[in-house]
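Each remark here refers to the structure printed beneath this line.
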Amino acid sequence: MKQLPRKIDFIENEKKWERLWEENGTYAYNWGDDGRPRYSVDTPPPYPSGDFHMGNVLNWTYFDMRARYKRMRGYNVHFPQGWDCHGLPTEVAVEKAYKIRRSDLPPDEFRKLCEEWIEQYIAVMKEAVIRLGCSVDWSLEYRTMEPDYMRKVQRSFLMLYEKDMIYKGEHPINWCPRCETAIADAEVEREARTGKIYTIAFSVEGEDLLIATTRPEYIPACVAIGVHPEDERFNKLIGGEASIPLSGRKVAIIADDAVDPAFGTGTMMICTYGDKADVLAVAKYKLRVIKLIDGKGIMTAAAGEYAGMGVEEAREAILKDLDGTGLLRKTESLEQEVGVCWRCDTHIEVVTTDQWFMRTMSLTDEVVKKAAEIDWYPDWMRYRLIDWAKSLDWDWVLSRQRVFATPIPVWHCVKCGRMRTAEPEELPVDPRVDKMEGKCECGGAEWRGETDVLDTWFDSSLTCAIHAGWPDREDWRNLFPASVHPSGHDIIRTWAYYLMVRHLALFDETAYDSVLINGMVLGTDGRKMSKSLGNFVATPEVFDKYGSDASRLWAATGGSTGTDIPFRWADAEYGWRFMRKLWNACRFASMRLEDYDPSKEVEPGLLDRWILSKLEGVVKESTAEYEPCRFMNAVETARNFIWHVFCDHYLEAAKHRLYSEGDEKAAAQQTLHYAVRRMLQLLAPAIPHLTEEIYSHMYADGDSDSIHLSLWPEADESLIDEEAERRGDLIIAVIRDVRKEKNRMGIPLNKPLDELKIYSADPAEAEMIAMGIEDISATLKAEDLEVLEGDGGEHEVEGYPTVRFSL
Ligand SMILES: [Zn+2]
Ligand SMILES: [Zn+2]
């Protein structure tokens, strides 16, 4: 047993242990069989934005606490960390930095610039994850832009293509005109906006037919007019034709029960495609498709004189023409919800283009079933995935018209259009650069490489298998499905969903056995954290002031798992103060334990039995909270006990024995030695650096012994002693209230009391107090202490109506 030094610099201590853990391989996963069950964390590879914000602190604290807890429960924990590199933000940053357009360079050269660019951000993120004290096995680190990772992604593409789970075709998809790419449903966000609704006159046999629309620019793509079959104003028109304003082109008037007679004028313009309702109507009534908008969001020839204009520009031009001809009858404002791009907030268009899709719709029932079977922390989050899966009505569009992404391993025969895929052993390939050799069945020998690339989610939704070692390790099923997939509630519909459909499609199995969900971090005022609201807190500021353990304490105890929590400086400070208290208490213990002889077993005293019984209760309770990831309760249970029961009361009342000699001292030492170790273990998942430092002085068996590899305390039922708790509580209450009174009277705590009389009207109680007479008199320095049966005494003892005292 080494004494703890007087001073500790928490921040320096954190750096020291981060280095030592790495040197000692403390968190190394054992790929062999060492008898321990395995536990795998499907750490989501973040996009390295270069800013590790307080939201990341919350996520990673959760991931790490789960990993640490399971490791101490005796699991061989696989905790990898990767980086999700591909995507538009990097492309845009590189374009800006080098003052180029991505099309100015060949794809492989542009790609190189992106790779170099993203590396600097990875370095920043990695440092932050290390500084937070995450127990990641860094030998497992990966980047999704590495050739080896892309090989696996392309391999999974080929497998799904073989299984007919991937197809290419012309279908309506969401299109971001600014990003100039297809995007998936999951990437479309709903935003409330004040828009305008225009009432426009179509005509039926010379009579006006008024139609209200929010998208007049789509008039050239109108393919039918819908009316409700039971709407008597219009149902006589069904089967007839209407003339489109300006062009005079004729379209059919059809019955459609999806038309709401109460909305607008009660008639609906069906066009290709103003929104998803149009997509449904076109499919249902087998209407023709007019391609109005091209891949760049520009009006095609179908727009007539508006061809070549952007969407907004075409709208203004059409409105002006309608107004000029008297056909624009009314303009009103309308509160509406529109779909916008999650990356750039641009209004999404629905366009029909040739894209690659994964058949996700056919998996919906299976996703719902698996979501219901697996564990969710907290439980109710499962409905986020279930509801999302059920709400989808399109397959997942996989292709993107971008550069920095995993290429689609396919070539097309220039002569006949047949597709040929790469062979698994050729992977990774880039058909934009690599040539396909050989002849096509049609005799053609010229091949065009696919230029579309894969959605970044196609990279990151394969992690459960890749972490496990698929497709290279034969034993990859040892780690598959992942034990836990941790994630934020905002990305259940992307991350949790794509992982699930992907692994179901590939392996017909759930991707993960449980999901741990964290909420968002709000600003110091409870509003969304943002630099413009002035409630933004930068992570390094918190780390530099209080260290990462205190930051973790805030994350662990700031709110229930899954809920949004504000960042509060006071919580971080409270954590820091608790750590000081813990350090001082443990330092005192280490000094009083210097001559402790563990081989000598002695009978514990009453207050020893009291604290041990309570401690075992805390072990049970805290463990029951750690198990389902209720970190706040788990840590608060331990922290409150350590601070307000162990430090405030037990240590004070045991001091006189710890400064004495003989069996009395040995009993207190034995209790202290046992209790401190258990308390440190309960806190180790939350404050790994400080607990390790204390443990290394007081308990470690050699330099590479770590509290994080020690086994989690099992509650010892034989120590649970209700009678001792009852007696101890009374004695402690007496000591507490006499001290309080002494303090109120201005008597220094270390000044002896001339006289102390404790009364109880209850003889059994008086006897209980008398049994603690030595602890009471020594702790309070009241040599002349009398315990009396009966009424009397000036002051009462809180919680004990029959007990009073005078001093
Ligand atoms: Zn966009
Ligand atoms: Zn061919």
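Letters A, B, ... mark the chains of the structure tokens in the order given; residue numbers begin at 1 per chain; ligand numbers begin at 1, in order shown.
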Go through chain A residue by residue and, counting only C-alpha atoms and all ligand atoms, keep those with an atom at most 12 Å from ligand 1; for each kept residue give the shortest atom pair and its distance in Å to one decimal, ordered by chain and increasing number, as JSON lines.
{"residue": "A:Gly87", "atom": "CA", "partner": "ligand 1", "partner_atom_place_in_ligand_line": "1 (Zn)", "distance": 11.7}
{"residue": "A:Leu88", "atom": "CA", "partner": "ligand 1", "partner_atom_place_in_ligand_line": "1 (Zn)", "distance": 9.1}
{"residue": "A:Pro89", "atom": "CA", "partner": "ligand 1", "partner_atom_place_in_ligand_line": "1 (Zn)", "distance": 10.4}
{"residue": "A:Val92", "atom": "CA", "partner": "ligand 1", "partner_atom_place_in_ligand_line": "1 (Zn)", "distance": 11.6}
{"residue": "A:Asn174", "atom": "CA", "partner": "ligand 1", "partner_atom_place_in_ligand_line": "1 (Zn)", "distance": 10.4}
{"residue": "A:Trp175", "atom": "CA", "partner": "ligand 1", "partner_atom_place_in_ligand_line": "1 (Zn)", "distance": 8.2}
{"residue": "A:Cys176", "atom": "CA", "partner": "ligand 1", "partner_atom_place_in_ligand_line": "1 (Zn)", "distance": 4.7}
{"residue": "A:Pro177", "atom": "CA", "partner": "ligand 1", "partner_atom_place_in_ligand_line": "1 (Zn)", "distance": 6.7}
{"residue": "A:Arg178", "atom": "CA", "partner": "ligand 1", "partner_atom_place_in_ligand_line": "1 (Zn)", "distance": 5.1}
{"residue": "A:Cys179", "atom": "CA", "partner": "ligand 1", "partner_atom_place_in_ligand_line": "1 (Zn)", "distance": 4.3}
{"residue": "A:Glu180", "atom": "CA", "partner": "ligand 1", "partner_atom_place_in_ligand_line": "1 (Zn)", "distance": 7.3}
{"residue": "A:Thr181", "atom": "CA", "partner": "ligand 1", "partner_atom_place_in_ligand_line": "1 (Zn)", "distance": 7.8}
{"residue": "A:Ala182", "atom": "CA", "partner": "ligand 1", "partner_atom_place_in_ligand_line": "1 (Zn)", "distance": 9.3}
{"residue": "A:Ile183", "atom": "CA", "partner": "ligand 1", "partner_atom_place_in_ligand_line": "1 (Zn)", "distance": 8.5}
{"residue": "A:Ala184", "atom": "CA", "partner": "ligand 1", "partner_atom_place_in_ligand_line": "1 (Zn)", "distance": 11.5}
{"residue": "A:Glu187", "atom": "CA", "partner": "ligand 1", "partner_atom_place_in_ligand_line": "1 (Zn)", "distance": 9.3}
{"residue": "A:Val188", "atom": "CA", "partner": "ligand 1", "partner_atom_place_in_ligand_line": "1 (Zn)", "distance": 9.3}
{"residue": "A:Glu189", "atom": "CA", "partner": "ligand 1", "partner_atom_place_in_ligand_line": "1 (Zn)", "distance": 10.9}
{"residue": "A:Lys296", "atom": "CA", "partner": "ligand 1", "partner_atom_place_in_ligand_line": "1 (Zn)", "distance": 11.7}
{"residue": "A:Gly297", "atom": "CA", "partner": "ligand 1", "partner_atom_place_in_ligand_line": "1 (Zn)", "distance": 11.6}
{"residue": "A:Gly339", "atom": "CA", "partner": "ligand 1", "partner_atom_place_in_ligand_line": "1 (Zn)", "distance": 11.0}
{"residue": "A:Val340", "atom": "CA", "partner": "ligand 1", "partner_atom_place_in_ligand_line": "1 (Zn)", "distance": 7.7}
{"residue": "A:Cys341", "atom": "CA", "partner": "ligand 1", "partner_atom_place_in_ligand_line": "1 (Zn)", "distance": 4.6}
{"residue": "A:Trp342", "atom": "CA", "partner": "ligand 1", "partner_atom_place_in_ligand_line": "1 (Zn)", "distance": 6.7}
{"residue": "A:Arg343", "atom": "CA", "partner": "ligand 1", "partner_atom_place_in_ligand_line": "1 (Zn)", "distance": 5.2}
{"residue": "A:Cys344", "atom": "CA", "partner": "ligand 1", "partner_atom_place_in_ligand_line": "1 (Zn)", "distance": 4.3}
{"residue": "A:Asp345", "atom": "CA", "partner": "ligand 1", "partner_atom_place_in_ligand_line": "1 (Zn)", "distance": 6.3}
{"residue": "A:Thr346", "atom": "CA", "partner": "ligand 1", "partner_atom_place_in_ligand_line": "1 (Zn)", "distance": 5.6}
{"residue": "A:His347", "atom": "CA", "partner": "ligand 1", "partner_atom_place_in_ligand_line": "1 (Zn)", "distance": 8.2}
{"residue": "A:Ile348", "atom": "CA", "partner": "ligand 1", "partner_atom_place_in_ligand_line": "1 (Zn)", "distance": 7.9}
{"residue": "A:Glu349", "atom": "CA", "partner": "ligand 1", "partner_atom_place_in_ligand_line": "1 (Zn)", "distance": 10.6}
{"residue": "A:Arg400", "atom": "CA", "partner": "ligand 1", "partner_atom_place_in_ligand_line": "1 (Zn)", "distance": 11.8}
Leaving out segment 242-256 of chain A and any residue of its chain fewer than 5 positions from it, which residues lie within 7 Å of it when counting only C-alpha atoms, given as a PDB file with N, CA and C atoms, in the first residue's frame?
ATOM      1  N   ALA A 201     -56.282  29.635 -63.351  1.00  0.00           N
ATOM      2  CA  ALA A 201     -57.409  29.200 -64.174  1.00  0.00           C
ATOM      3  C   ALA A 201     -56.972  28.277 -65.295  1.00  0.00           C
ATOM      4  N   PHE A 202     -57.422  27.000 -65.213  1.00  0.00           N
ATOM      5  CA  PHE A 202     -57.348  26.074 -66.348  1.00  0.00           C
ATOM      6  C   PHE A 202     -58.687  26.257 -67.064  1.00  0.00           C
ATOM      7  N   SER A 203     -58.896  25.582 -68.189  1.00  0.00           N
ATOM      8  CA  SER A 203     -60.230  25.725 -68.770  1.00  0.00           C
ATOM      9  C   SER A 203     -60.767  24.394 -69.268  1.00  0.00           C
ATOM     10  N   VAL A 204     -62.099  24.250 -69.128  1.00  0.00           N
ATOM     11  CA  VAL A 204     -62.797  23.065 -69.609  1.00  0.00           C
ATOM     12  C   VAL A 204     -63.906  23.565 -70.523  1.00  0.00           C
ATOM     13  N   VAL A 223     -49.894  16.212 -65.844  1.00  0.00           N
ATOM     14  CA  VAL A 223     -50.296  15.053 -66.645  1.00  0.00           C
ATOM     15  C   VAL A 223     -51.764  14.668 -66.429  1.00  0.00           C
ATOM     16  N   ALA A 224     -52.417  15.268 -65.441  1.00  0.00           N
ATOM     17  CA  ALA A 224     -53.842  15.005 -65.211  1.00  0.00           C
ATOM     18  C   ALA A 224     -54.359  16.000 -64.178  1.00  0.00           C
ATOM     19  N   ILE A 225     -55.688  16.138 -64.112  1.00  0.00           N
ATOM     20  CA  ILE A 225     -56.329  16.913 -63.047  1.00  0.00           C
ATOM     21  C   ILE A 225     -57.144  15.920 -62.236  1.00  0.00           C
ATOM     22  N   GLY A 226     -56.923  15.921 -60.929  1.00  0.00           N
ATOM     23  CA  GLY A 226     -57.672  15.006 -60.073  1.00  0.00           C
ATOM     24  C   GLY A 226     -58.810  15.730 -59.376  1.00  0.00           C
ATOM     25  N   VAL A 227     -59.975  15.051 -59.286  1.00  0.00           N
ATOM     26  CA  VAL A 227     -61.078  15.573 -58.473  1.00  0.00           C
ATOM     27  C   VAL A 227     -61.630  14.411 -57.654  1.00  0.00           C
ATOM     28  N   HIS A 228     -62.244  14.745 -56.526  1.00  0.00           N
ATOM     29  CA  HIS A 228     -62.783  13.669 -55.703  1.00  0.00           C
ATOM     30  C   HIS A 228     -64.056  13.136 -56.339  1.00  0.00           C
ATOM     31  N   PRO A 229     -64.210  11.791 -56.453  1.00  0.00           N
ATOM     32  CA  PRO A 229     -65.363  11.228 -57.164  1.00  0.00           C
ATOM     33  C   PRO A 229     -66.714  11.628 -56.541  1.00  0.00           C
ATOM     34  N   LEU A 237     -67.261  16.327 -64.395  1.00  0.00           N
ATOM     35  CA  LEU A 237     -66.173  16.567 -65.355  1.00  0.00           C
ATOM     36  C   LEU A 237     -65.304  15.325 -65.592  1.00  0.00           C
TER      37      LEU A 237
END
Next on the checklist: I want to know what sits within 12 Å of Lys7 of chain A, based on only C-alpha atoms, with residues of the same chain fewer than 6 positions away left out; could you give that as JSON, numbers by chain?
Outcome noted: {"A": [13, 580, 583, 584, 587]}
Checklist entry - Given a cut-off of 9 Å, what residues near ligand 2 show up using only C-alpha atoms and all ligand atoms, put as a list of chain:residue names? => result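 So, counting only C-alpha atoms and all ligand atoms, the residues near ligand 2 are A:His412, A:Cys413, A:Val414, A:Lys415, A:Cys416, A:Gly417, A:Arg418, A:Met419, A:Lys439, A:Cys440, A:Glu441, A:Cys442, A:Gly443, A:Gly444, A:Ala445, A:Glu446, A:Trp447.
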Next on the checklist: Residues within 8 Å of Ala28 of chain A, please, as a VMD selection string. Count only C-alpha atoms; anything in the same chain fewer than 2 positions from it doesn't count.
Outcome noted: chain A and resid 25 to 26 30 78 137 139
Neighbours of segment 749-764 of chain A within 7 Å (only C-alpha atoms; same-chain residues fewer than 6 positions away dropped), as an mmCIF file with C-alpha atoms, in the first residue's frame?
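The resulting file, selection-v8.cif, is reproduced below:
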data_model
loop_
_atom_site.group_PDB
_atom_site.id
_atom_site.type_symbol
_atom_site.label_atom_id
_atom_site.label_comp_id
_atom_site.auth_asym_id
_atom_site.auth_seq_id
_atom_site.Cartn_x
_atom_site.Cartn_y
_atom_site.Cartn_z
ATOM 1 C CA LYS A 742 -21.594 22.435 18.348
ATOM 2 C CA ASN A 743 -21.028 24.245 15.119
ATOM 3 C CA LYS A 781 -14.484 14.668 21.861
ATOM 4 C CA ALA A 782 -17.012 14.298 24.675
ATOM 5 C CA ASP A 784 -17.972 13.115 29.933
ATOM 6 C CA LEU A 785 -20.749 11.398 27.986
ATOM 7 C CA GLU A 786 -23.819 9.942 29.612
ATOM 8 C CA VAL A 787 -26.582 8.009 27.928
ATOM 9 C CA LEU A 788 -29.780 8.259 29.948
ATOM 10 C CA GLU A 789 -33.117 6.559 29.738
ATOM 11 C CA GLY A 790 -36.124 8.881 29.872
ATOM 12 C CA ASP A 791 -37.205 12.365 28.814
ATOM 13 C CA GLY A 792 -34.835 15.265 28.916
ATOM 14 C CA GLY A 793 -32.325 17.095 26.784
ATOM 15 C CA THR A 802 -37.672 10.046 21.377
ATOM 16 C CA VAL A 803 -33.978 10.986 21.328
ATOM 17 C CA ARG A 804 -32.725 14.312 22.673
ATOM 18 C CA PHE A 805 -29.446 15.686 23.989
ATOM 19 C CA SER A 806 -27.879 18.505 25.953
ATOM 20 C CA LEU A 807 -24.367 19.818 25.874
#
Checklist entry - Counting only C-alpha atoms, what is within 7 Å of segment 262-277 of chain A, bar same-chain residues fewer than 3 positions away, as a list in words? => result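 Contacts, with the query itself left out: Leu210, Ile211, Ala212, Arg215, Tyr218, Ala221, Cys222, Val223, Ala224, Ile225, Gly226, Val227, Val259, Leu280, Ala281, Val289, Ile290, Lys291, Val350 and Val351 of chain A.
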Next on the checklist: Quick one: residues within 6 Å of Leu327 of chain A, only C-alpha atoms, excluding same-chain residues fewer than 4 positions away - as a VMD selection string?
Outcome noted: chain A and resid 200 to 201 322 to 323
Write out as a PDB file with C-alpha atoms, in the first residue's frame all residues of segment 507-611 of chain A that backbone DSSP assigns to strand (DSSP E or B).
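So out18.pdb came out as:
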ATOM      1  CA  TYR A 512     -26.832  -5.826 -33.368  1.00  0.00           C
ATOM      2  CA  SER A 514     -28.975  -4.005 -28.443  1.00  0.00           C
ATOM      3  CA  VAL A 515     -29.043  -0.271 -29.076  1.00  0.00           C
ATOM      4  CA  LEU A 516     -27.859   2.412 -26.647  1.00  0.00           C
ATOM      5  CA  ILE A 517     -29.328   5.823 -27.411  1.00  0.00           C
ATOM      6  CA  ASN A 518     -28.059   9.209 -26.293  1.00  0.00           C
ATOM      7  CA  VAL A 521     -26.631  18.343 -25.761  1.00  0.00           C
ATOM      8  CA  LEU A 522     -28.354  21.664 -25.293  1.00  0.00           C
ATOM      9  CA  LYS A 528     -30.159  24.202 -28.866  1.00  0.00           C
ATOM     10  CA  ILE A 565     -29.408  17.384 -21.611  1.00  0.00           C
ATOM     11  CA  PRO A 566     -28.074  20.902 -21.263  1.00  0.00           C
TER      12      PRO A 566
END
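Distance annotation: of A:Pro598, A:Pro216, A:Phe631, A:Gly617, the residue with the minimal separation from Asp64 of chain A is A:Phe631; atom set is only C-alpha atoms.
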Checklist entry - Which one is closest to Leu615 of chain A: A:Gly534, A:Pro713, A:Pro481, A:Gly133? Count only C-alpha atoms. => result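 Nearest to Leu615 of chain A: A:Pro713.
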Item to check | Secondary structure check, alpha helix (DSSP H) residues of segment 477-681 of chain A, as a PyMOL selection string | outcome: chain A and resi 497-507+539-557+569-592+606-626+631-641+652-658+662-681
Checklist entry - Taking only C-alpha atoms into account, which of A:Gly488, A:Pro424, A:Val279, A:Asp84 comes nearest Trp394 of chain A? => result A:Val279
Next on the checklist: Between atom CA of Gly55 of chain A and atom CA of Asn535 of chain A, what is the distance in Å, rounded to a tenth?
Outcome noted: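 Distance between the two atoms: 13.6 Å.
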